[in-house]
Amino acid sequence: MNDMSPAGGAAALDVAIAHKDHRSADGRALRALDDLRLTLPIGQAGALVGPSGCGKTTLLRLIAGLDHDYAGDIHLPAHGRLGMVFQEPRLLPWRSVADNIRIAAPEASEDEIAALLDELSLGEHATHYPGELSLGLARRAALARALALKPDLLILDEPLVSLDAALARALRDKIAALIEEKRITTLIVTHDIAEAIALADRIFLLSPRPARVVATLDIATPRGRLSKEAAETLEAQAREALAAARRQPS
Ligand SMILES: Nc1ncnc2c1ncn2[C@@H]1O[C@H](COP(=O)(O)OP(=O)(O)OP(=O)(O)O)[C@@H](O)[C@H]1O
């Protein structure tokens, strides 16, 4: 069975994948995901954290509808409109930042686009071409483009990777503020537990390949108001759960 549809009225991202196999070079099946289940309430931010190569990108591609070859069910939040920010920003090179947004989100008004550019401090870059932007600016432009779609689900694949520490912190705080303000259901892939704690309401910890969710951590305190001690305790809990999953034979 392979059912991927907006959940009629059900207020959540609901993933129940029995299994997903890739084909290895010699033609054998390589199990990437095995009995992977997760639920994210509407308006919440979830973070997927797991070891390199465990199957995070595979999972995002299934959720984004880019790969339909799996056994299981995925229900998207109502209407199922997706906004996605990839690690490489994938902007159209011959179009300005503002045009990249207009083309991707033709229903967005000029006022909405201007407000988004402003929110992401991109106002002065509206007429710039992607080649003129640093990676940090290009990521922000890709984020503005995804938000202009008014997505029911925003997917961010390693949004802070390859940025220097100060830029990563600034973008992390910006993303946290946007998620808080707009209450978009958001799924973030990250390898960084501290980043997941800073951005997410719920953290899904994944086993090594084949990936399954070994623990789900809910962060009850409103984002940004978590004490340093509470964040450190959560981080230690997450590290322990990931280490325990590594020790278990798959
Ligand atoms: N198209 C494919 N064909 C064959 N094997 C694949 C394919 N895509 C991924 N794999 C394999 O499936 C496993 C999971 O890959 P995936 O890219 O989903 O992991 P990941 O957790 O996103 O990794 P990373 O953290 O390094 O980005 C890996 O062993 C990878 O080599």
# chains A, B, ... in the order shown; residues from 1 in each chain; ligands from 1
call {"tool": "select_by_dssp", "arguments": {"residues": "stretch 3-224 of chain A", "states": "strand (DSSP E)", "output": "number ranges by chain"}}
result
A: 3-6, 12-23, 29-41, 45-49, 71-76, 82-85, 153-157, 185-189, 202-206, 213-218
call {"tool": "select_by_dssp", "arguments": {"residues": "stretch 68-140 of chain A", "states": "helix (DSSP H, G or I)", "output": "PyMOL selection string"}}
result
chain A and resi 97-104+110-119+123-125+130-132+135-140
call {"tool": "closest_residue", "arguments": {"among": "A:Gln248, A:Thr127, A:Thr233, A:Ser24", "to": "ligand 1", "atoms": "only C-alpha atoms and all ligand atoms"}}
result
A:Ser24
call {"tool": "atom_distance", "arguments": {"atom1": "atom 29 (O, counted along the ligand's line) of ligand 1", "atom2": "atom CA of A:Arg61"}}
result
14.5 Å
call {"tool": "residues_around", "arguments": {"residues": "A:Leu120", "least_positions_apart": "4", "cutoff": "12 Å", "atoms": "only C-alpha atoms", "output": "ChimeraX atom specification"}}
result
/A:113-116,124-126,136-145,147-148,170-175,177-178
call {"tool": "write_last_selection", "arguments": {"atoms": "C-alpha atoms", "output": "PDB file, in the first residue's frame"}}
result
ATOM      1  CA  ILE A 113       6.912  39.439  -1.139  1.00  0.00           C
ATOM      2  CA  ALA A 114       8.245  42.790   0.089  1.00  0.00           C
ATOM      3  CA  ALA A 115       7.286  41.885   3.673  1.00  0.00           C
ATOM      4  CA  LEU A 116       9.052  38.521   3.428  1.00  0.00           C
ATOM      5  CA  GLU A 124      18.572  45.408  -0.442  1.00  0.00           C
ATOM      6  CA  HIS A 125      19.183  42.142  -2.316  1.00  0.00           C
ATOM      7  CA  ALA A 126      15.778  41.944  -4.067  1.00  0.00           C
ATOM      8  CA  GLY A 136      23.841  32.549   3.880  1.00  0.00           C
ATOM      9  CA  LEU A 137      21.933  35.092   1.785  1.00  0.00           C
ATOM     10  CA  ALA A 138      21.009  32.469  -0.801  1.00  0.00           C
ATOM     11  CA  ARG A 139      19.628  30.223   1.967  1.00  0.00           C
ATOM     12  CA  ARG A 140      17.550  33.121   3.239  1.00  0.00           C
ATOM     13  CA  ALA A 141      16.289  33.774  -0.292  1.00  0.00           C
ATOM     14  CA  ALA A 142      15.332  30.089  -0.627  1.00  0.00           C
ATOM     15  CA  LEU A 143      13.563  30.326   2.734  1.00  0.00           C
ATOM     16  CA  ALA A 144      11.663  33.453   1.599  1.00  0.00           C
ATOM     17  CA  ARG A 145      10.662  31.597  -1.574  1.00  0.00           C
ATOM     18  CA  LEU A 147       7.465  30.843   2.842  1.00  0.00           C
ATOM     19  CA  ALA A 148       5.877  32.804  -0.037  1.00  0.00           C
ATOM     20  CA  ALA A 170      21.755  34.409  13.175  1.00  0.00           C
ATOM     21  CA  LEU A 171      19.853  32.248  10.676  1.00  0.00           C
ATOM     22  CA  ARG A 172      18.869  29.783  13.415  1.00  0.00           C
ATOM     23  CA  ASP A 173      17.354  32.627  15.468  1.00  0.00           C
ATOM     24  CA  LYS A 174      15.603  33.978  12.388  1.00  0.00           C
ATOM     25  CA  ILE A 175      14.114  30.572  11.549  1.00  0.00           C
ATOM     26  CA  ALA A 177      11.299  33.513  15.148  1.00  0.00           C
ATOM     27  CA  LEU A 178       9.545  32.802  11.829  1.00  0.00           C
TER      28      LEU A 178
END
call {"tool": "closest_atom_pairs", "arguments": {"of": "chain A", "to": "ligand 1", "cutoff": "6 Å", "atoms": "only C-alpha atoms and all ligand atoms", "output": "JSON lines"}}
result
{"residue": "A:His22", "atom": "CA", "partner": "ligand 1", "partner_atom_place_in_ligand_line": "4 (C)", "distance": 4.6}
{"residue": "A:Arg23", "atom": "CA", "partner": "ligand 1", "partner_atom_place_in_ligand_line": "4 (C)", "distance": 5.0}
{"residue": "A:Ser24", "atom": "CA", "partner": "ligand 1", "partner_atom_place_in_ligand_line": "4 (C)", "distance": 5.0}
{"residue": "A:Ala32", "atom": "CA", "partner": "ligand 1", "partner_atom_place_in_ligand_line": "12 (O)", "distance": 5.1}
{"residue": "A:Ser52", "atom": "CA", "partner": "ligand 1", "partner_atom_place_in_ligand_line": "25 (O)", "distance": 3.5}
{"residue": "A:Gly53", "atom": "CA", "partner": "ligand 1", "partner_atom_place_in_ligand_line": "23 (O)", "distance": 3.2}
{"residue": "A:Cys54", "atom": "CA", "partner": "ligand 1", "partner_atom_place_in_ligand_line": "21 (O)", "distance": 3.9}
{"residue": "A:Gly55", "atom": "CA", "partner": "ligand 1", "partner_atom_place_in_ligand_line": "18 (O)", "distance": 3.1}
{"residue": "A:Lys56", "atom": "CA", "partner": "ligand 1", "partner_atom_place_in_ligand_line": "21 (O)", "distance": 3.8}
{"residue": "A:Thr57", "atom": "CA", "partner": "ligand 1", "partner_atom_place_in_ligand_line": "22 (O)", "distance": 3.6}
{"residue": "A:Thr58", "atom": "CA", "partner": "ligand 1", "partner_atom_place_in_ligand_line": "18 (O)", "distance": 3.6}
call {"tool": "residues_around", "arguments": {"residues": "A:Gln237", "least_positions_apart": "4", "cutoff": "12 Å", "atoms": "only C-alpha atoms", "output": "compact mmCIF listing (two decimals) with N, CA and C atoms, in the first residue's frame"}}
result
# COMPACT_ATOMS: atom_id res chain seq x y z
N ILE A 193 22.37 18.28 17.59
CA ILE A 193 21.32 18.16 18.62
C ILE A 193 20.99 19.53 19.23
N ALA A 194 22.01 20.35 19.46
CA ALA A 194 21.76 21.67 20.05
C ALA A 194 20.87 22.51 19.12
N ILE A 197 17.35 21.31 19.42
CA ILE A 197 16.72 21.79 20.66
C ILE A 197 16.33 23.27 20.53
N ILE A 203 11.59 16.37 18.94
CA ILE A 203 12.79 15.86 18.26
C ILE A 203 12.64 14.36 18.04
N LEU A 205 14.64 11.09 17.17
CA LEU A 205 16.00 10.56 17.11
C LEU A 205 15.97 9.27 16.31
N ALA A 215 13.59 7.35 19.64
CA ALA A 215 13.04 8.12 20.76
C ALA A 215 12.48 9.43 20.23
N THR A 216 11.44 9.90 20.89
CA THR A 216 10.85 11.20 20.56
C THR A 216 10.93 12.07 21.81
N LEU A 217 11.54 13.23 21.67
CA LEU A 217 11.67 14.14 22.81
C LEU A 217 10.75 15.34 22.58
N ASP A 218 9.87 15.61 23.51
CA ASP A 218 9.03 16.80 23.41
C ASP A 218 9.64 17.90 24.26
N ALA A 230 18.31 23.04 31.32
CA ALA A 230 17.29 22.17 30.71
C ALA A 230 17.75 21.73 29.32
N ALA A 231 18.35 22.66 28.57
CA ALA A 231 18.84 22.33 27.23
C ALA A 231 19.95 21.28 27.32
N GLU A 232 20.82 21.44 28.31
CA GLU A 232 21.93 20.49 28.47
C GLU A 232 21.41 19.10 28.86
N THR A 233 20.38 19.07 29.71
CA THR A 233 19.80 17.79 30.11
C THR A 233 19.18 17.09 28.89
N ALA A 241 20.28 8.33 23.91
CA ALA A 241 19.36 7.54 23.07
C ALA A 241 20.01 7.19 21.73
N LEU A 242 20.75 8.15 21.15
CA LEU A 242 21.42 7.88 19.87
C LEU A 242 22.52 6.84 20.05
N ALA A 243 23.26 6.95 21.18
CA ALA A 243 24.35 6.00 21.43
C ALA A 243 23.78 4.60 21.67
N ALA A 244 22.67 4.52 22.40
CA ALA A 244 22.04 3.21 22.66
C ALA A 244 21.59 2.58 21.34
call {"tool": "closest_residue", "arguments": {"among": "A:Leu36, A:Ala245, A:Ala64, A:Met84", "to": "A:Ala146", "atoms": "only C-alpha atoms"}}
result
A:Met84
call {"tool": "closest_residue", "arguments": {"among": "A:Leu62, A:Ala45, A:Leu82, A:Ile74", "to": "A:Ala16", "atoms": "only C-alpha atoms"}}
result
A:Ile74
call {"tool": "closest_residue", "arguments": {"among": "A:Ala108, A:Leu135, A:Val214, A:Ala78", "to": "A:Val161", "atoms": "only C-alpha atoms"}}
result
A:Leu135
call {"tool": "atom_distance", "arguments": {"atom1": "atom CA of A:Ala29", "atom2": "atom CA of A:Thr190"}}
result
26.4 Å
call {"tool": "residues_around", "arguments": {"residues": "A:Ala176", "least_positions_apart": "4", "cutoff": "8 Å", "atoms": "only C-alpha atoms", "output": "ChimeraX atom specification"}}
result
/A:172,180,198-199,223
call {"tool": "residues_around", "arguments": {"residues": "A:Ser162", "least_positions_apart": "4", "cutoff": "12 Å", "atoms": "only C-alpha atoms", "output": "ChimeraX atom specification"}}
result
/A:87-88,134-136,139,158,166-168
call {"tool": "closest_residue", "arguments": {"among": "A:Ala47, A:Leu33, A:Leu160, A:Ala104", "to": "A:Ile219", "atoms": "only C-alpha atoms"}}
result
A:Ala47
call {"tool": "atom_distance", "arguments": {"atom1": "atom CA of A:Leu92", "atom2": "atom CA of A:Ser109"}}
result
19.8 Å
call {"tool": "closest_residue", "arguments": {"among": "A:Leu76, A:Val15, A:Leu206, A:Ala196", "to": "A:Glu235", "atoms": "only C-alpha atoms"}}
result
A:Ala196
call {"tool": "decode", "arguments": {"residues": "stretch 92-203 of chain A", "atoms": "C-alpha atoms", "output": "PDB file, in the first residue's frame"}}
result
ATOM      1  CA  LEU A  92      17.140  30.171 -10.747  1.00  0.00           C
ATOM      2  CA  PRO A  93      20.503  31.758 -11.664  1.00  0.00           C
ATOM      3  CA  TRP A  94      19.238  34.213 -14.311  1.00  0.00           C
ATOM      4  CA  ARG A  95      16.462  35.641 -12.163  1.00  0.00           C
ATOM      5  CA  SER A  96      16.713  38.164  -9.373  1.00  0.00           C
ATOM      6  CA  VAL A  97      15.911  37.195  -5.793  1.00  0.00           C
ATOM      7  CA  ALA A  98      12.462  38.845  -6.047  1.00  0.00           C
ATOM      8  CA  ASP A  99      11.759  37.132  -9.398  1.00  0.00           C
ATOM      9  CA  ASN A 100      12.759  33.766  -7.952  1.00  0.00           C
ATOM     10  CA  ILE A 101      10.025  34.262  -5.366  1.00  0.00           C
ATOM     11  CA  ARG A 102       7.454  35.593  -7.894  1.00  0.00           C
ATOM     12  CA  ILE A 103       8.007  32.617 -10.211  1.00  0.00           C
ATOM     13  CA  ALA A 104       7.768  30.022  -7.449  1.00  0.00           C
ATOM     14  CA  ALA A 105       4.804  31.669  -5.734  1.00  0.00           C
ATOM     15  CA  PRO A 106       2.704  33.453  -8.375  1.00  0.00           C
ATOM     16  CA  GLU A 107      -0.162  33.851  -5.898  1.00  0.00           C
ATOM     17  CA  ALA A 108       1.933  35.900  -3.485  1.00  0.00           C
ATOM     18  CA  SER A 109       1.192  39.649  -3.707  1.00  0.00           C
ATOM     19  CA  GLU A 110       3.959  42.224  -4.164  1.00  0.00           C
ATOM     20  CA  ASP A 111       3.260  43.434  -0.622  1.00  0.00           C
ATOM     21  CA  GLU A 112       3.658  39.914   0.755  1.00  0.00           C
ATOM     22  CA  ILE A 113       6.912  39.439  -1.139  1.00  0.00           C
ATOM     23  CA  ALA A 114       8.245  42.790   0.089  1.00  0.00           C
ATOM     24  CA  ALA A 115       7.286  41.885   3.673  1.00  0.00           C
ATOM     25  CA  LEU A 116       9.052  38.521   3.428  1.00  0.00           C
ATOM     26  CA  LEU A 117      12.191  40.089   1.941  1.00  0.00           C
ATOM     27  CA  ASP A 118      12.114  42.582   4.773  1.00  0.00           C
ATOM     28  CA  GLU A 119      11.603  39.912   7.448  1.00  0.00           C
ATOM     29  CA  LEU A 120      14.596  38.006   6.147  1.00  0.00           C
ATOM     30  CA  SER A 121      16.691  41.194   5.823  1.00  0.00           C
ATOM     31  CA  LEU A 122      16.888  40.698   2.068  1.00  0.00           C
ATOM     32  CA  GLY A 123      15.364  44.045   1.042  1.00  0.00           C
ATOM     33  CA  GLU A 124      18.572  45.408  -0.442  1.00  0.00           C
ATOM     34  CA  HIS A 125      19.183  42.142  -2.316  1.00  0.00           C
ATOM     35  CA  ALA A 126      15.778  41.944  -4.067  1.00  0.00           C
ATOM     36  CA  THR A 127      17.252  42.809  -7.464  1.00  0.00           C
ATOM     37  CA  HIS A 128      20.452  40.800  -7.021  1.00  0.00           C
ATOM     38  CA  TYR A 129      21.086  37.590  -8.910  1.00  0.00           C
ATOM     39  CA  PRO A 130      21.819  34.349  -7.007  1.00  0.00           C
ATOM     40  CA  GLY A 131      25.456  34.400  -8.178  1.00  0.00           C
ATOM     41  CA  GLU A 132      25.916  37.679  -6.297  1.00  0.00           C
ATOM     42  CA  LEU A 133      24.759  36.184  -2.980  1.00  0.00           C
ATOM     43  CA  SER A 134      26.749  34.487  -0.240  1.00  0.00           C
ATOM     44  CA  LEU A 135      25.528  31.034   0.811  1.00  0.00           C
ATOM     45  CA  GLY A 136      23.841  32.549   3.880  1.00  0.00           C
ATOM     46  CA  LEU A 137      21.933  35.092   1.785  1.00  0.00           C
ATOM     47  CA  ALA A 138      21.009  32.469  -0.801  1.00  0.00           C
ATOM     48  CA  ARG A 139      19.628  30.223   1.967  1.00  0.00           C
ATOM     49  CA  ARG A 140      17.550  33.121   3.239  1.00  0.00           C
ATOM     50  CA  ALA A 141      16.289  33.774  -0.292  1.00  0.00           C
ATOM     51  CA  ALA A 142      15.332  30.089  -0.627  1.00  0.00           C
ATOM     52  CA  LEU A 143      13.563  30.326   2.734  1.00  0.00           C
ATOM     53  CA  ALA A 144      11.663  33.453   1.599  1.00  0.00           C
ATOM     54  CA  ARG A 145      10.662  31.597  -1.574  1.00  0.00           C
ATOM     55  CA  ALA A 146       9.402  28.605   0.422  1.00  0.00           C
ATOM     56  CA  LEU A 147       7.465  30.843   2.842  1.00  0.00           C
ATOM     57  CA  ALA A 148       5.877  32.804  -0.037  1.00  0.00           C
ATOM     58  CA  LEU A 149       4.054  29.592  -0.950  1.00  0.00           C
ATOM     59  CA  LYS A 150       2.253  29.726   2.421  1.00  0.00           C
ATOM     60  CA  PRO A 151       3.109  26.073   2.943  1.00  0.00           C
ATOM     61  CA  ASP A 152       1.135  23.693   5.134  1.00  0.00           C
ATOM     62  CA  LEU A 153       4.433  21.930   5.722  1.00  0.00           C
ATOM     63  CA  LEU A 154       7.842  23.574   5.572  1.00  0.00           C
ATOM     64  CA  ILE A 155      10.769  21.192   5.092  1.00  0.00           C
ATOM     65  CA  LEU A 156      14.283  22.407   5.864  1.00  0.00           C
ATOM     66  CA  ASP A 157      17.179  20.095   4.988  1.00  0.00           C
ATOM     67  CA  GLU A 158      20.212  21.025   7.135  1.00  0.00           C
ATOM     68  CA  PRO A 159      19.413  24.754   6.956  1.00  0.00           C
ATOM     69  CA  LEU A 160      22.559  25.850   8.804  1.00  0.00           C
ATOM     70  CA  VAL A 161      25.134  23.472   7.351  1.00  0.00           C
ATOM     71  CA  SER A 162      28.299  25.055   5.843  1.00  0.00           C
ATOM     72  CA  LEU A 163      27.608  28.484   7.371  1.00  0.00           C
ATOM     73  CA  ASP A 164      30.158  29.982   9.750  1.00  0.00           C
ATOM     74  CA  ALA A 165      29.164  29.939  13.418  1.00  0.00           C
ATOM     75  CA  ALA A 166      27.936  33.546  13.658  1.00  0.00           C
ATOM     76  CA  LEU A 167      25.870  33.319  10.463  1.00  0.00           C
ATOM     77  CA  ALA A 168      24.458  29.956  11.493  1.00  0.00           C
ATOM     78  CA  ARG A 169      23.366  31.397  14.848  1.00  0.00           C
ATOM     79  CA  ALA A 170      21.755  34.409  13.175  1.00  0.00           C
ATOM     80  CA  LEU A 171      19.853  32.248  10.676  1.00  0.00           C
ATOM     81  CA  ARG A 172      18.869  29.783  13.415  1.00  0.00           C
ATOM     82  CA  ASP A 173      17.354  32.627  15.468  1.00  0.00           C
ATOM     83  CA  LYS A 174      15.603  33.978  12.388  1.00  0.00           C
ATOM     84  CA  ILE A 175      14.114  30.572  11.549  1.00  0.00           C
ATOM     85  CA  ALA A 176      13.016  30.103  15.179  1.00  0.00           C
ATOM     86  CA  ALA A 177      11.299  33.513  15.148  1.00  0.00           C
ATOM     87  CA  LEU A 178       9.545  32.802  11.829  1.00  0.00           C
ATOM     88  CA  ILE A 179       8.335  29.375  12.949  1.00  0.00           C
ATOM     89  CA  GLU A 180       7.056  30.899  16.190  1.00  0.00           C
ATOM     90  CA  GLU A 181       5.328  33.803  14.456  1.00  0.00           C
ATOM     91  CA  LYS A 182       3.816  31.958  11.506  1.00  0.00           C
ATOM     92  CA  ARG A 183       3.069  28.668  13.282  1.00  0.00           C
ATOM     93  CA  ILE A 184       3.865  26.650  10.189  1.00  0.00           C
ATOM     94  CA  THR A 185       4.228  22.927  10.665  1.00  0.00           C
ATOM     95  CA  THR A 186       7.948  22.501  10.005  1.00  0.00           C
ATOM     96  CA  LEU A 187      10.238  19.516   9.668  1.00  0.00           C
ATOM     97  CA  ILE A 188      13.955  20.181   9.960  1.00  0.00           C
ATOM     98  CA  VAL A 189      16.776  17.750   9.282  1.00  0.00           C
ATOM     99  CA  THR A 190      19.881  18.417  11.289  1.00  0.00           C
ATOM    100  CA  HIS A 191      22.866  16.479  12.559  1.00  0.00           C
ATOM    101  CA  ASP A 192      23.249  18.957  15.425  1.00  0.00           C
ATOM    102  CA  ILE A 193      21.320  18.162  18.621  1.00  0.00           C
ATOM    103  CA  ALA A 194      21.759  21.670  20.049  1.00  0.00           C
ATOM    104  CA  GLU A 195      20.316  23.125  16.849  1.00  0.00           C
ATOM    105  CA  ALA A 196      17.366  20.728  17.057  1.00  0.00           C
ATOM    106  CA  ILE A 197      16.716  21.786  20.660  1.00  0.00           C
ATOM    107  CA  ALA A 198      16.873  25.471  19.670  1.00  0.00           C
ATOM    108  CA  LEU A 199      14.442  25.078  16.772  1.00  0.00           C
ATOM    109  CA  ALA A 200      12.058  22.238  17.489  1.00  0.00           C
ATOM    110  CA  ASP A 201       9.078  21.458  19.696  1.00  0.00           C
ATOM    111  CA  ARG A 202       9.610  17.746  19.097  1.00  0.00           C
ATOM    112  CA  ILE A 203      12.792  15.864  18.263  1.00  0.00           C
TER     113      ILE A 203
END
